[in-house]
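Asks: Provided below: model_6.cif, containing mmCIF, C-alpha atoms.
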data_structure
#
loop_
_atom_site.label_atom_id
_atom_site.label_comp_id
_atom_site.auth_asym_id
_atom_site.auth_seq_id
_atom_site.Cartn_x
_atom_site.Cartn_y
_atom_site.Cartn_z
CA MET A 1349 0.00 0.00 0.00
CA LYS A 1350 2.84 2.32 0.96
CA ARG A 1351 4.60 1.53 -2.28
CA ILE A 1352 1.48 2.35 -4.31
CA PHE A 1353 1.04 5.64 -2.46
CA ALA A 1354 4.68 6.59 -2.98
CA THR A 1355 4.47 5.72 -6.66
CA ALA A 1356 1.30 7.77 -7.01
CA CYS A 1357 2.93 10.75 -5.31
CA PHE A 1358 5.97 10.47 -7.55
CA ALA A 1359 3.76 10.33 -10.63
CA VAL A 1360 1.81 13.39 -9.52
CA MET A 1361 5.06 15.31 -8.89
CA LEU A 1362 6.36 14.34 -12.29
CA PHE A 1363 3.17 15.72 -13.77
CA ILE A 1364 2.97 18.90 -11.67
CA LEU A 1365 6.58 20.03 -11.66
CA PRO A 1366 6.81 20.68 -15.40
CA MET A 1367 3.50 22.55 -15.21
CA THR A 1368 4.84 24.74 -12.40
CA ALA A 1369 7.96 25.45 -14.41
CA PHE A 1370 5.83 26.35 -17.40
CA ALA A 1371 3.71 28.65 -15.24
CA ASP A 1372 6.77 30.74 -14.22
CA GLY A 1373 7.35 33.72 -16.45
CA HIS A 1374 10.53 34.12 -18.45
CA VAL A 1375 13.18 36.27 -16.80
CA TYR A 1376 15.45 38.56 -18.79
CA ARG A 1377 18.48 40.54 -17.77
CA LEU A 1378 19.05 43.77 -19.65
CA ARG A 1379 22.34 45.63 -19.48
CA VAL A 1380 21.59 49.31 -19.74
CA ASP A 1381 24.26 51.97 -20.26
CA GLY A 1382 23.79 55.54 -19.04
CA LEU A 1383 22.02 54.70 -15.79
CA ALA A 1384 23.52 56.96 -13.16
CA CYS A 1385 20.77 58.31 -10.94
CA PRO A 1386 17.60 56.78 -9.48
CA PHE A 1387 15.38 59.72 -10.52
CA CYS A 1388 16.41 59.32 -14.18
CA ALA A 1389 15.88 55.57 -13.99
CA TYR A 1390 12.18 56.13 -13.38
CA GLY A 1391 11.74 56.46 -17.17
CA VAL A 1392 13.08 52.91 -17.60
CA GLU A 1393 10.53 51.62 -15.12
CA LYS A 1394 7.69 53.49 -16.85
CA LYS A 1395 8.64 52.43 -20.37
CA LEU A 1396 9.40 48.78 -19.64
CA SER A 1397 6.41 48.27 -17.38
CA SER A 1398 4.15 49.43 -20.23
CA VAL A 1399 5.39 46.56 -22.41
CA LYS A 1400 2.72 43.88 -22.68
CA GLY A 1401 3.42 40.86 -20.49
CA VAL A 1402 5.92 42.53 -18.15
CA GLU A 1403 5.05 41.50 -14.62
CA LYS A 1404 7.96 42.67 -12.48
CA LEU A 1405 11.01 44.89 -12.82
CA THR A 1406 14.14 45.15 -10.72
CA LEU A 1407 16.69 47.89 -11.35
CA ASP A 1408 20.28 47.61 -10.15
CA ILE A 1409 21.80 50.99 -10.97
CA ASP A 1410 25.27 50.11 -9.70
CA ALA A 1411 25.46 47.06 -11.97
CA GLY A 1412 23.54 48.76 -14.79
CA HIS A 1413 21.15 45.83 -14.92
CA VAL A 1414 17.39 45.67 -15.30
CA THR A 1415 15.80 42.32 -14.52
CA VAL A 1416 12.46 41.80 -16.23
CA THR A 1417 10.07 39.06 -15.19
CA MET A 1418 7.35 38.28 -17.67
CA ALA A 1419 3.87 36.96 -17.01
CA PRO A 1420 3.38 33.21 -17.51
CA GLY A 1421 3.48 32.41 -21.17
CA ALA A 1422 4.76 35.84 -22.22
CA ALA A 1423 8.13 36.57 -23.80
CA LEU A 1424 10.13 39.76 -24.16
CA ASP A 1425 11.31 40.63 -27.61
CA GLU A 1426 14.76 42.23 -27.78
CA ALA A 1427 13.66 44.86 -30.29
CA VAL A 1428 10.77 45.87 -28.03
CA ALA A 1429 13.10 46.12 -25.02
CA ARG A 1430 15.60 48.17 -27.04
CA LYS A 1431 12.86 50.61 -28.11
CA ALA A 1432 11.60 51.01 -24.53
CA ILE A 1433 15.10 51.68 -23.18
CA SER A 1434 15.82 54.10 -26.02
CA GLU A 1435 12.60 56.05 -25.36
CA ALA A 1436 13.62 56.27 -21.72
CA GLY A 1437 16.84 58.01 -22.81
CA PHE A 1438 19.34 55.19 -22.36
CA THR A 1439 21.13 52.52 -24.38
CA LEU A 1440 20.52 48.78 -24.31
CA ARG A 1441 23.92 47.04 -24.39
CA GLY A 1442 23.01 43.51 -23.43
CA PHE A 1443 19.96 41.26 -23.56
CA GLU A 1444 19.81 37.73 -22.22
CA GLN A 1445 17.23 35.32 -20.92
CA THR A 1446 18.34 34.08 -17.53
CA GLU A 1447 17.44 31.12 -15.35
CA LYS A 1448 14.35 31.10 -13.20
CA PRO A 1449 14.28 33.85 -10.54
CA MET B 587 -5.77 91.89 -0.66
CA ILE B 588 -2.23 92.37 -1.91
CA ALA B 589 -0.87 92.11 1.61
CA THR B 590 -2.79 88.85 2.08
CA ALA B 591 -1.41 87.47 -1.17
CA ARG B 592 2.12 88.47 -0.14
CA ARG B 593 1.68 86.70 3.17
CA CYS B 594 0.43 83.61 1.32
CA VAL B 595 3.50 83.63 -0.96
CA GLY B 596 5.75 84.00 2.05
CA TRP B 597 4.07 81.29 4.09
CA LEU B 598 3.96 78.86 1.19
CA GLY B 599 7.66 79.44 0.65
CA ILE B 600 8.36 78.80 4.30
CA ALA B 601 6.20 75.66 4.18
CA ILE B 602 8.10 74.33 1.15
CA LEU B 603 11.45 75.16 2.75
CA PHE B 604 10.34 73.42 5.91
CA ALA B 605 9.15 70.38 3.95
CA ALA B 606 12.47 70.25 2.12
CA GLY B 607 14.36 70.55 5.36
CA VAL B 608 12.37 67.81 7.00
CA ALA B 609 12.74 65.56 3.96
CA GLY B 610 16.45 66.19 3.88
CA LEU B 611 16.88 65.46 7.58
CA ALA B 612 14.73 62.34 7.36
CA SER B 613 16.94 60.89 4.71
CA PRO B 614 20.21 59.32 5.76
CA THR B 615 21.39 59.68 2.19
CA ALA B 616 20.42 62.68 0.37
CA ALA B 617 21.20 64.87 -3.53
CA HIS B 618 21.77 65.37 -8.11
CA ASN B 619 21.11 68.04 -11.18
CA PRO B 620 22.32 71.65 -11.08
CA ILE B 621 19.98 73.96 -9.24
CA PHE B 622 20.67 77.28 -10.97
CA ALA B 623 22.49 76.23 -14.13
CA PRO B 624 20.41 74.47 -16.78
CA GLY B 625 21.46 70.93 -17.64
CA PRO B 626 21.11 68.81 -20.79
CA HIS B 627 18.96 66.18 -19.10
CA VAL B 628 15.48 65.88 -20.63
CA ALA B 629 12.30 64.05 -19.69
CA TYR B 630 11.83 60.60 -21.18
CA GLN B 631 9.63 60.24 -24.25
CA GLY B 632 6.02 60.81 -23.21
CA GLY B 633 7.14 61.70 -19.68
CA VAL B 634 5.74 64.69 -17.81
CA GLU B 635 7.54 66.57 -15.04
CA VAL B 636 5.55 69.06 -13.00
CA SER B 637 7.30 71.51 -10.67
CA LEU B 638 6.36 74.01 -8.02
CA GLY B 639 9.19 76.41 -7.29
CA TYR B 640 9.85 79.22 -4.86
CA THR B 641 12.59 81.81 -5.35
CA LYS B 642 13.61 84.82 -3.36
CA ALA B 643 16.14 87.43 -4.40
CA ARG B 644 17.31 90.53 -2.59
CA ALA B 645 19.49 93.30 -3.93
CA SER B 646 20.52 96.54 -2.27
CA GLY B 647 22.47 99.67 -3.00
CA ALA B 648 22.40 103.42 -2.67
CA GLY B 649 18.88 103.48 -4.04
CA GLY B 650 17.50 101.15 -1.35
CA THR B 651 16.59 97.49 -1.22
CA GLU B 652 14.69 95.40 -3.76
CA THR B 653 13.13 92.10 -2.80
CA GLU B 654 11.48 89.71 -5.23
CA GLN B 655 9.70 86.49 -4.40
CA GLN B 656 8.28 84.13 -6.99
CA LEU B 657 6.10 81.08 -6.98
CA GLU B 658 6.60 79.24 -10.24
CA ILE B 659 4.54 76.46 -11.71
CA SER B 660 6.13 74.64 -14.60
CA ALA B 661 5.49 71.54 -16.66
CA GLU B 662 7.84 69.68 -18.97
CA TYR B 663 6.88 67.12 -21.58
CA GLY B 664 9.17 64.74 -23.42
CA LEU B 665 8.30 64.90 -27.12
CA THR B 666 11.03 62.36 -27.84
CA ALA B 667 13.78 60.82 -25.73
CA ASP B 668 15.97 63.84 -26.59
CA TRP B 669 13.56 66.74 -27.04
CA THR B 670 11.37 68.41 -24.45
CA VAL B 671 9.08 71.40 -24.27
CA GLU B 672 8.43 73.29 -21.06
CA PHE B 673 5.99 75.90 -19.86
CA GLU B 674 6.55 78.15 -16.86
CA ALA B 675 4.17 80.56 -15.13
CA PRO B 676 5.48 82.72 -12.26
CA PHE B 677 3.46 84.51 -9.61
CA VAL B 678 5.56 87.47 -8.48
CA ASP B 679 5.76 89.58 -5.34
CA LYS B 680 8.05 92.62 -5.61
CA ALA B 681 8.98 95.20 -3.03
CA GLN B 682 11.05 98.26 -3.88
CA ASP B 683 11.42 101.75 -2.38
CA GLY B 684 8.66 101.11 0.14
CA LYS B 685 6.22 100.07 -2.58
CA SER B 686 5.17 96.55 -3.39
CA ARG B 687 3.05 94.69 -5.91
CA THR B 688 1.92 91.13 -6.44
CA GLY B 689 0.65 89.41 -9.54
CA LEU B 690 1.36 87.29 -12.57
CA GLY B 691 4.88 87.63 -13.94
CA ASP B 692 6.29 86.92 -17.38
CA MET B 693 5.46 83.44 -18.58
CA ALA B 694 8.04 81.49 -20.55
CA LEU B 695 8.11 78.68 -23.09
CA ARG B 696 11.25 76.59 -23.27
CA SER B 697 12.58 73.75 -25.34
CA ARG B 698 15.67 71.61 -25.00
CA PHE B 699 17.11 69.36 -27.65
CA ARG B 700 19.79 66.87 -26.64
CA PHE B 701 21.84 66.58 -29.83
CA TRP B 702 24.60 64.37 -28.43
CA ARG B 703 24.66 61.60 -25.85
CA LEU B 704 27.28 59.08 -24.80
CA ASP B 705 26.06 56.26 -22.58
CA ALA B 706 28.55 54.21 -20.59
CA PRO B 707 28.11 51.80 -17.67
CA GLY B 708 26.93 53.99 -14.76
CA ALA B 709 27.47 57.27 -16.60
CA GLN B 710 25.89 59.52 -19.18
CA THR B 711 27.56 62.44 -20.93
CA SER B 712 25.44 64.69 -23.12
CA ALA B 713 25.04 68.09 -24.74
CA ALA B 714 21.88 70.00 -25.58
CA LEU B 715 20.63 73.19 -27.12
CA LEU B 716 18.28 75.41 -25.14
CA ALA B 717 15.78 77.87 -26.58
CA GLN B 718 13.40 80.04 -24.62
CA ILE B 719 10.91 82.77 -25.28
CA LYS B 720 9.66 84.95 -22.44
CA LEU B 721 6.30 86.57 -23.02
CA PRO B 722 5.25 90.00 -21.66
CA THR B 723 2.42 88.66 -19.55
CA GLY B 724 3.48 90.48 -16.37
CA ASP B 725 2.09 93.95 -15.71
CA ASP B 726 4.73 96.55 -16.58
CA ASP B 727 2.67 99.70 -15.99
CA GLY B 728 2.82 99.92 -12.21
CA ASP B 729 5.68 100.48 -9.83
CA PRO B 730 7.48 98.20 -9.23
CA ARG B 731 6.98 96.46 -12.56
CA LEU B 732 6.00 92.78 -12.44
CA GLY B 733 7.08 92.07 -16.01
CA SER B 734 9.61 93.42 -18.44
CA GLY B 735 6.98 94.41 -21.00
CA SER B 736 9.08 92.88 -23.73
CA THR B 737 9.30 89.59 -25.56
CA ASP B 738 12.75 88.19 -24.89
CA VAL B 739 14.49 85.21 -26.41
CA LEU B 740 17.27 83.08 -24.98
CA GLY B 741 19.56 80.53 -26.55
CA GLY B 742 22.06 78.30 -24.83
CA LEU B 743 24.50 75.43 -25.13
CA LEU B 744 24.44 72.91 -22.27
CA PHE B 745 26.88 70.17 -21.36
CA GLY B 746 26.63 67.61 -18.59
CA HIS B 747 28.25 64.46 -17.26
CA GLU B 748 26.34 62.33 -14.77
CA GLY B 749 28.23 59.55 -13.08
CA ARG B 750 27.33 57.41 -10.12
CA ARG B 751 29.61 59.51 -7.91
CA TRP B 752 30.44 62.76 -9.74
CA TYR B 753 28.56 65.32 -11.79
CA PHE B 754 30.06 67.98 -14.05
CA ASN B 755 28.06 70.61 -15.90
CA ALA B 756 28.81 73.66 -18.01
CA ALA B 757 26.39 76.03 -19.70
CA ALA B 758 26.56 79.19 -21.80
CA ARG B 759 23.47 81.27 -22.51
CA TYR B 760 22.63 84.54 -24.25
CA ARG B 761 19.38 86.43 -23.72
CA TYR B 762 18.30 88.97 -26.30
CA ASN B 763 15.88 91.49 -24.80
CA THR B 764 13.63 93.41 -27.12
CA GLU B 765 12.28 96.90 -26.51
CA GLY B 766 9.22 97.11 -24.31
CA GLU B 767 6.58 99.77 -23.92
CA GLY B 768 7.79 103.32 -23.28
CA GLY B 769 10.83 102.76 -25.47
CA LEU B 770 12.73 100.92 -22.70
CA GLY B 771 14.93 98.05 -23.73
CA LYS B 772 16.67 96.03 -21.04
CA GLY B 773 20.28 95.22 -21.80
CA ASP B 774 21.03 91.81 -23.25
CA ARG B 775 22.34 89.28 -20.74
CA GLN B 776 24.98 86.58 -20.92
CA PHE B 777 25.30 83.65 -18.52
CA LEU B 778 28.15 81.20 -17.93
CA ASP B 779 27.92 78.32 -15.49
CA LEU B 780 30.33 75.71 -14.15
CA VAL B 781 29.08 73.01 -11.82
CA VAL B 782 30.50 70.10 -9.87
CA GLY B 783 28.31 67.65 -7.97
CA VAL B 784 28.90 64.63 -5.80
CA ARG B 785 26.71 61.82 -4.55
CA PRO B 786 28.04 61.06 -1.05
CA VAL B 787 26.21 57.74 -0.76
CA LEU B 788 25.61 55.50 -3.78
CA SER B 789 21.95 54.74 -3.32
CA GLY B 790 19.98 52.24 -5.33
CA TYR B 791 16.68 52.50 -7.15
CA LEU B 792 13.68 53.08 -4.85
CA GLU B 793 16.03 54.49 -2.23
CA PRO B 794 16.32 58.16 -1.25
CA ASP B 795 19.14 59.74 -3.21
CA THR B 796 21.10 62.91 -2.54
CA VAL B 797 23.50 64.88 -4.72
CA LEU B 798 25.35 67.95 -3.48
CA PHE B 799 26.24 70.69 -5.96
CA LEU B 800 28.57 73.62 -6.01
CA GLU B 801 28.00 76.05 -8.86
CA LEU B 802 29.78 79.10 -10.21
CA ASN B 803 27.27 81.31 -12.02
CA TRP B 804 28.44 84.37 -13.94
CA GLU B 805 25.91 86.89 -15.22
CA ASN B 806 26.56 89.94 -17.35
CA ALA B 807 23.98 92.55 -18.30
CA GLY B 808 24.33 95.17 -20.98
CA ARG B 809 23.19 98.75 -20.42
CA ASP B 810 19.46 99.38 -20.61
CA ARG B 811 18.40 101.74 -23.39
CA ARG B 812 15.51 104.15 -23.52
CA ASN B 813 14.62 105.64 -26.88
CA GLY B 814 18.06 104.74 -28.16
CA ALA B 815 20.06 106.25 -25.29
CA ASP B 816 21.89 104.37 -22.51
CA VAL B 817 20.18 104.39 -19.12
CA GLN B 818 22.46 105.30 -16.21
CA ASN B 819 23.14 102.87 -13.36
CA THR B 820 22.32 99.78 -15.38
CA GLY B 821 24.44 96.89 -16.61
CA GLY B 822 27.48 95.12 -15.22
CA TRP B 823 28.38 91.64 -14.07
CA GLU B 824 28.15 89.48 -10.97
CA LEU B 825 29.66 86.14 -10.05
CA PHE B 826 27.82 83.81 -7.67
CA LEU B 827 29.00 80.83 -5.67
CA SER B 828 25.99 78.56 -5.27
CA PRO B 829 25.77 75.51 -3.04
CA GLY B 830 22.75 73.30 -3.66
CA VAL B 831 21.19 69.96 -2.95
CA PHE B 832 19.11 67.64 -5.10
CA TRP B 833 17.16 65.04 -3.16
CA THR B 834 15.06 62.42 -4.89
CA TRP B 835 13.03 59.40 -4.09
CA ARG B 836 11.87 57.43 -7.12
CA ASN B 837 9.86 60.03 -9.12
CA VAL B 838 9.79 62.83 -6.55
CA ALA B 839 12.54 65.44 -6.33
CA ILE B 840 13.34 68.40 -4.12
CA ARG B 841 15.92 70.89 -5.33
CA ALA B 842 17.22 73.68 -3.15
CA GLY B 843 20.10 76.12 -3.33
CA ALA B 844 21.42 79.56 -2.53
CA GLN B 845 23.37 82.01 -4.68
CA VAL B 846 25.88 84.16 -2.87
CA PRO B 847 27.65 86.95 -4.81
CA VAL B 848 31.42 86.66 -4.56
CA ALA B 849 32.51 89.24 -7.13
CA GLY B 850 30.96 91.81 -9.39
CA ASN B 851 31.24 95.09 -11.17
CA LEU B 852 27.95 96.87 -11.64
CA GLU B 853 27.51 100.27 -13.20
CA GLY B 854 26.98 103.27 -10.89
CA THR B 855 24.42 102.83 -8.13
CA ASN B 856 22.94 99.71 -9.71
CA PRO B 857 21.80 97.59 -6.72
CA GLU B 858 24.07 94.62 -5.98
CA SER B 859 22.66 91.17 -5.24
CA ASP B 860 22.65 90.21 -1.57
CA TYR B 861 21.47 86.64 -2.10
CA ARG B 862 19.10 84.45 -4.08
CA LEU B 863 17.31 81.39 -2.77
CA LYS B 864 15.59 78.65 -4.73
CA LEU B 865 13.46 75.72 -3.72
CA GLU B 866 11.65 73.39 -6.09
CA LEU B 867 9.39 70.42 -5.70
CA LYS B 868 9.26 68.18 -8.75
CA TYR B 869 7.06 65.23 -9.59
CA GLN B 870 7.66 62.96 -12.56
CA PHE B 871 4.73 61.12 -14.14
#
Is it possible to give me this structure as structure tokens?

Replies:
Amino acid sequence: MKRIFATACFAVMLFILPMTAFADGHVYRLRVDGLACPFCAYGVEKKLSSVKGVEKLTLDIDAGHVTVTMAPGAALDEAVARKAISEAGFTLRGFEQTEKP
Amino acid sequence: MIATARRCVGWLGIAILFAAGVAGLASPTAAHNPIFAPGPHVAYQGGVEVSLGYTKARASGAGGTETEQQLEISAEYGLTADWTVEFEAPFVDKAQDGKSRTGLGDMALRSRFRFWRLDAPGAQTSAALLAQIKLPTGDDDGDPRLGSGSTDVLGGLLFGHEGRRWYFNAAARYRYNTEGEGGLGKGDRQFLDLVVGVRPVLSGYLEPDTVLFLELNWENAGRDRRNGADVQNTGGWELFLSPGVFWTWRNVAIRAGAQVPVAGNLEGTNPESDYRLKLELKYQF
């Protein structure tokens, strides 16, 4: 009985885990040049957060990085990110999809 | 009525100064952009910056003391990532020779175009052109005059470097004053500014941020002219040393500074500046 229960649990986990992973949004790390002051960085927040599917933003001014978490199933296009950063008055130097947050 | 309005201007100024002081004290880190010199930084595309400013200037000489207080409302809009337009409306309170008046001053329209920008990790260096037109909306019939009565234009070249730690700015401006009513034309003015700024604590996004500035502001005025003839006791230059602070928290900024004259050569009994104070509350949408 115990063995059946353990097998059932294992099977459920095997089924659920990939679904959970799929439910997490993609995370991107953008390297932005020109970021020097927090007040100026507000434009980056405004522009990127208006991109469809963006769920969460984290700005690290010292590192010049913006971490973008997308809603489940959504992806961030590099050209869209470049346009948003450009309209905020900065330059996108790097774009990469990272591991899960 | 006028006295009440003057009191309101004064009290509002005190309230803003107090708010700035409290905000500054409450922040363990505090300051960023030049306070008196214009910089090349522009609002982001589609961004709106609204400001409420208070300035006070006092000048004195053989002819007595002149005091001017202003409440300014201004709004800036980013047409593109490098081009902004700005509108400014001042409410003026002037006292001179025992007489005083309060009312709308000369409104101004401004535009800045950032024609060059170099982005590096943690730093931005840029240059912009500045254009301004000042409209004769202030009453220039009474005494003291609230407006110049003339439409004046200003052009300038602005340079700035913003780093995580250090700021450097330089600006050169020329204001061409046209002839107002009564045949009086104020002398043209030239402005040169040099600024250094430092951020004592490297704060992150969503943290209070403070930048301290020290500015050198040079102003030169040509002789006023009335019906083609020079007006006595007008024109000359002054050099100001201006400490300032720029405190921000996300999209809210408080800018404050004082201009202290350190050198000058004014014509005749032209009143010399004693000091100028500026305080501005800015909100970015």

Asks: Nearest to chain B: which of A:Pro1420, A:Gly1391, A:Gly1442, A:Gly1401 is it, counting only C-alpha atoms?

Replies: A:Gly1391

Asks: For chain A, work out the contacting residues on chain B at 6 Å, counting all atoms listed in the file, and write them as number ranges by chain.

Replies: B: 630-631, 667, 705-710, 749-750, 791, 836-837

Asks: Can you measure CA of Glu635 in chain B to CA of Leu800 in chain B for me? One decimal in Å is fine.

Replies: 23.9 Å

Asks: Would you mind reading off the distance between CA of Tyr753 in chain B and CA of Ser789 in chain B, one decimal, in Å?

Replies: 15.1 Å

Asks: Using all atoms listed in the file and a cutoff of 8 Å, can you tell me which residues are near (8.0, 37.4, -21.6) in the file's coordinates, and write them out as number ranges by chain?

Replies: A: 1373-1375, 1401-1402, 1417-1425

Asks: With the PyMOL selection byres ((chain B and resi 658) around 6) as the selection, what would be picked from this file? Answer as an mmCIF file with C-alpha atoms, keeping the file's coordinate frame, please.

Replies:
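The resulting file, expr-v8.cif, is reproduced below:
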data_model
loop_
_atom_site.group_PDB
_atom_site.id
_atom_site.type_symbol
_atom_site.label_atom_id
_atom_site.label_comp_id
_atom_site.auth_asym_id
_atom_site.auth_seq_id
_atom_site.Cartn_x
_atom_site.Cartn_y
_atom_site.Cartn_z
ATOM 1 C CA LEU B 638 6.360 74.010 -8.020
ATOM 2 C CA GLY B 639 9.190 76.410 -7.290
ATOM 3 C CA LEU B 657 6.100 81.080 -6.980
ATOM 4 C CA ILE B 659 4.540 76.460 -11.710
ATOM 5 C CA ALA B 675 4.170 80.560 -15.130
ATOM 6 C CA PRO B 676 5.480 82.720 -12.260
#

Asks: Kindly list the centre and edge lengths in Å, rounded to one decimal, for the axis-aligned box that covers all listed atoms of range 1432-1438 of chain A plus 6 Å on each of its six sides, as lines of an AutoDock Vina configuration file.

Replies:
center_x = 15.5
center_y = 54.5
center_z = -23.9
size_x = 19.7
size_y = 19.0
size_z = 16.3

Asks: For CA of Arg759 in chain B and CA of Leu740 in chain B, quote the distance in Å rounded to one decimal.

Replies: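 One can read the CA of Arg759 in chain B to CA of Leu740 in chain B distance as 6.9 Å.
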
Asks: Tell me which of B:Ile621, B:Leu770, B:Val628, B:Leu690 sits closest to Gly814 in chain B, counting only C-alpha atoms.

Replies: B:Leu770

Asks: When the PyMOL selection byres ((chain B and resi 842) around 7) is applied to the file above, which residues end up in the set, as a PyMOL selection string?

Replies: chain B and resi 621+830-832+840-841+843+864-866

Asks: Can those selected residues be exported to a file as a PDB file, keeping the file's coordinate frame so that it contains C-alpha atoms?

Replies:
ATOM      1  CA  ILE B 621      19.980  73.960  -9.240  1.00  0.00           C
ATOM      2  CA  GLY B 830      22.750  73.300  -3.660  1.00  0.00           C
ATOM      3  CA  VAL B 831      21.190  69.960  -2.950  1.00  0.00           C
ATOM      4  CA  PHE B 832      19.110  67.640  -5.100  1.00  0.00           C
ATOM      5  CA  ILE B 840      13.340  68.400  -4.120  1.00  0.00           C
ATOM      6  CA  ARG B 841      15.920  70.890  -5.330  1.00  0.00           C
ATOM      7  CA  GLY B 843      20.100  76.120  -3.330  1.00  0.00           C
ATOM      8  CA  LYS B 864      15.590  78.650  -4.730  1.00  0.00           C
ATOM      9  CA  LEU B 865      13.460  75.720  -3.720  1.00  0.00           C
ATOM     10  CA  GLU B 866      11.650  73.390  -6.090  1.00  0.00           C
TER      11      GLU B 866
END

Asks: As a check of understanding, name the residues that the PyMOL selection byres ((chain B and resi 819) around 9) selects in the supplied structure, as a PyMOL selection string.

Replies: chain B and resi 809-810+817-818+820-821+852-857

Asks: Select, from B:Phe701, B:Tyr861, B:Tyr762, B:Trp823, the residue with the minimum atom-to-atom distance to Thr651 in chain B, counting only C-alpha atoms.

Replies: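 Among the listed residues, B:Tyr861 lies closest to Thr651 in chain B.
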
Asks: N, CA, C and O atoms are what I want for range 1420-1434 of chain A; can you complete it accordingly and write them as a PDB file, in the frame of the given file?

Replies:
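Full text of result.pdb as output:
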ATOM      1  N   PRO A1420       3.334  34.578 -16.967  1.00  0.00           N
ATOM      2  CA  PRO A1420       3.380  33.210 -17.510  1.00  0.00           C
ATOM      3  C   PRO A1420       2.952  33.180 -18.983  1.00  0.00           C
ATOM      4  O   PRO A1420       1.932  33.753 -19.342  1.00  0.00           O
ATOM      5  N   GLY A1421       3.808  32.560 -19.765  1.00  0.00           N
ATOM      6  CA  GLY A1421       3.480  32.410 -21.170  1.00  0.00           C
ATOM      7  C   GLY A1421       3.922  33.558 -22.046  1.00  0.00           C
ATOM      8  O   GLY A1421       3.868  33.478 -23.272  1.00  0.00           O
ATOM      9  N   ALA A1422       4.365  34.669 -21.431  1.00  0.00           N
ATOM     10  CA  ALA A1422       4.760  35.840 -22.220  1.00  0.00           C
ATOM     11  C   ALA A1422       6.275  35.850 -22.419  1.00  0.00           C
ATOM     12  O   ALA A1422       7.027  35.335 -21.599  1.00  0.00           O
ATOM     13  N   ALA A1423       6.702  36.452 -23.508  1.00  0.00           N
ATOM     14  CA  ALA A1423       8.130  36.570 -23.800  1.00  0.00           C
ATOM     15  C   ALA A1423       8.457  38.020 -24.128  1.00  0.00           C
ATOM     16  O   ALA A1423       7.589  38.776 -24.569  1.00  0.00           O
ATOM     17  N   LEU A1424       9.700  38.390 -23.870  1.00  0.00           N
ATOM     18  CA  LEU A1424      10.130  39.760 -24.160  1.00  0.00           C
ATOM     19  C   LEU A1424      10.983  39.767 -25.413  1.00  0.00           C
ATOM     20  O   LEU A1424      12.003  39.067 -25.489  1.00  0.00           O
ATOM     21  N   ASP A1425      10.569  40.528 -26.365  1.00  0.00           N
ATOM     22  CA  ASP A1425      11.310  40.630 -27.610  1.00  0.00           C
ATOM     23  C   ASP A1425      12.429  41.652 -27.453  1.00  0.00           C
ATOM     24  O   ASP A1425      12.221  42.731 -26.888  1.00  0.00           O
ATOM     25  N   GLU A1426      13.610  41.326 -27.959  1.00  0.00           N
ATOM     26  CA  GLU A1426      14.760  42.230 -27.780  1.00  0.00           C
ATOM     27  C   GLU A1426      14.523  43.589 -28.429  1.00  0.00           C
ATOM     28  O   GLU A1426      14.888  44.624 -27.870  1.00  0.00           O
ATOM     29  N   ALA A1427      13.902  43.591 -29.587  1.00  0.00           N
ATOM     30  CA  ALA A1427      13.660  44.860 -30.290  1.00  0.00           C
ATOM     31  C   ALA A1427      12.705  45.752 -29.488  1.00  0.00           C
ATOM     32  O   ALA A1427      12.865  46.985 -29.439  1.00  0.00           O
ATOM     33  N   VAL A1428      11.735  45.110 -28.850  1.00  0.00           N
ATOM     34  CA  VAL A1428      10.770  45.870 -28.030  1.00  0.00           C
ATOM     35  C   VAL A1428      11.482  46.467 -26.811  1.00  0.00           C
ATOM     36  O   VAL A1428      11.275  47.628 -26.448  1.00  0.00           O
ATOM     37  N   ALA A1429      12.351  45.643 -26.189  1.00  0.00           N
ATOM     38  CA  ALA A1429      13.100  46.120 -25.020  1.00  0.00           C
ATOM     39  C   ALA A1429      14.031  47.264 -25.422  1.00  0.00           C
ATOM     40  O   ALA A1429      14.139  48.271 -24.712  1.00  0.00           O
ATOM     41  N   ARG A1430      14.678  47.127 -26.567  1.00  0.00           N
ATOM     42  CA  ARG A1430      15.600  48.170 -27.040  1.00  0.00           C
ATOM     43  C   ARG A1430      14.861  49.489 -27.267  1.00  0.00           C
ATOM     44  O   ARG A1430      15.341  50.554 -26.906  1.00  0.00           O
ATOM     45  N   LYS A1431      13.664  49.397 -27.838  1.00  0.00           N
ATOM     46  CA  LYS A1431      12.860  50.610 -28.110  1.00  0.00           C
ATOM     47  C   LYS A1431      12.448  51.278 -26.784  1.00  0.00           C
ATOM     48  O   LYS A1431      12.538  52.504 -26.647  1.00  0.00           O
ATOM     49  N   ALA A1432      12.033  50.466 -25.828  1.00  0.00           N
ATOM     50  CA  ALA A1432      11.600  51.010 -24.530  1.00  0.00           C
ATOM     51  C   ALA A1432      12.759  51.716 -23.820  1.00  0.00           C
ATOM     52  O   ALA A1432      12.599  52.817 -23.283  1.00  0.00           O
ATOM     53  N   ILE A1433      13.928  51.088 -23.837  1.00  0.00           N
ATOM     54  CA  ILE A1433      15.100  51.680 -23.180  1.00  0.00           C
ATOM     55  C   ILE A1433      15.522  52.959 -23.911  1.00  0.00           C
ATOM     56  O   ILE A1433      15.879  53.966 -23.279  1.00  0.00           O
ATOM     57  N   SER A1434      15.451  52.927 -25.224  1.00  0.00           N
ATOM     58  CA  SER A1434      15.820  54.100 -26.020  1.00  0.00           C
ATOM     59  C   SER A1434      14.876  55.271 -25.737  1.00  0.00           C
ATOM     60  O   SER A1434      15.306  56.418 -25.600  1.00  0.00           O
TER      61      SER A1434
END
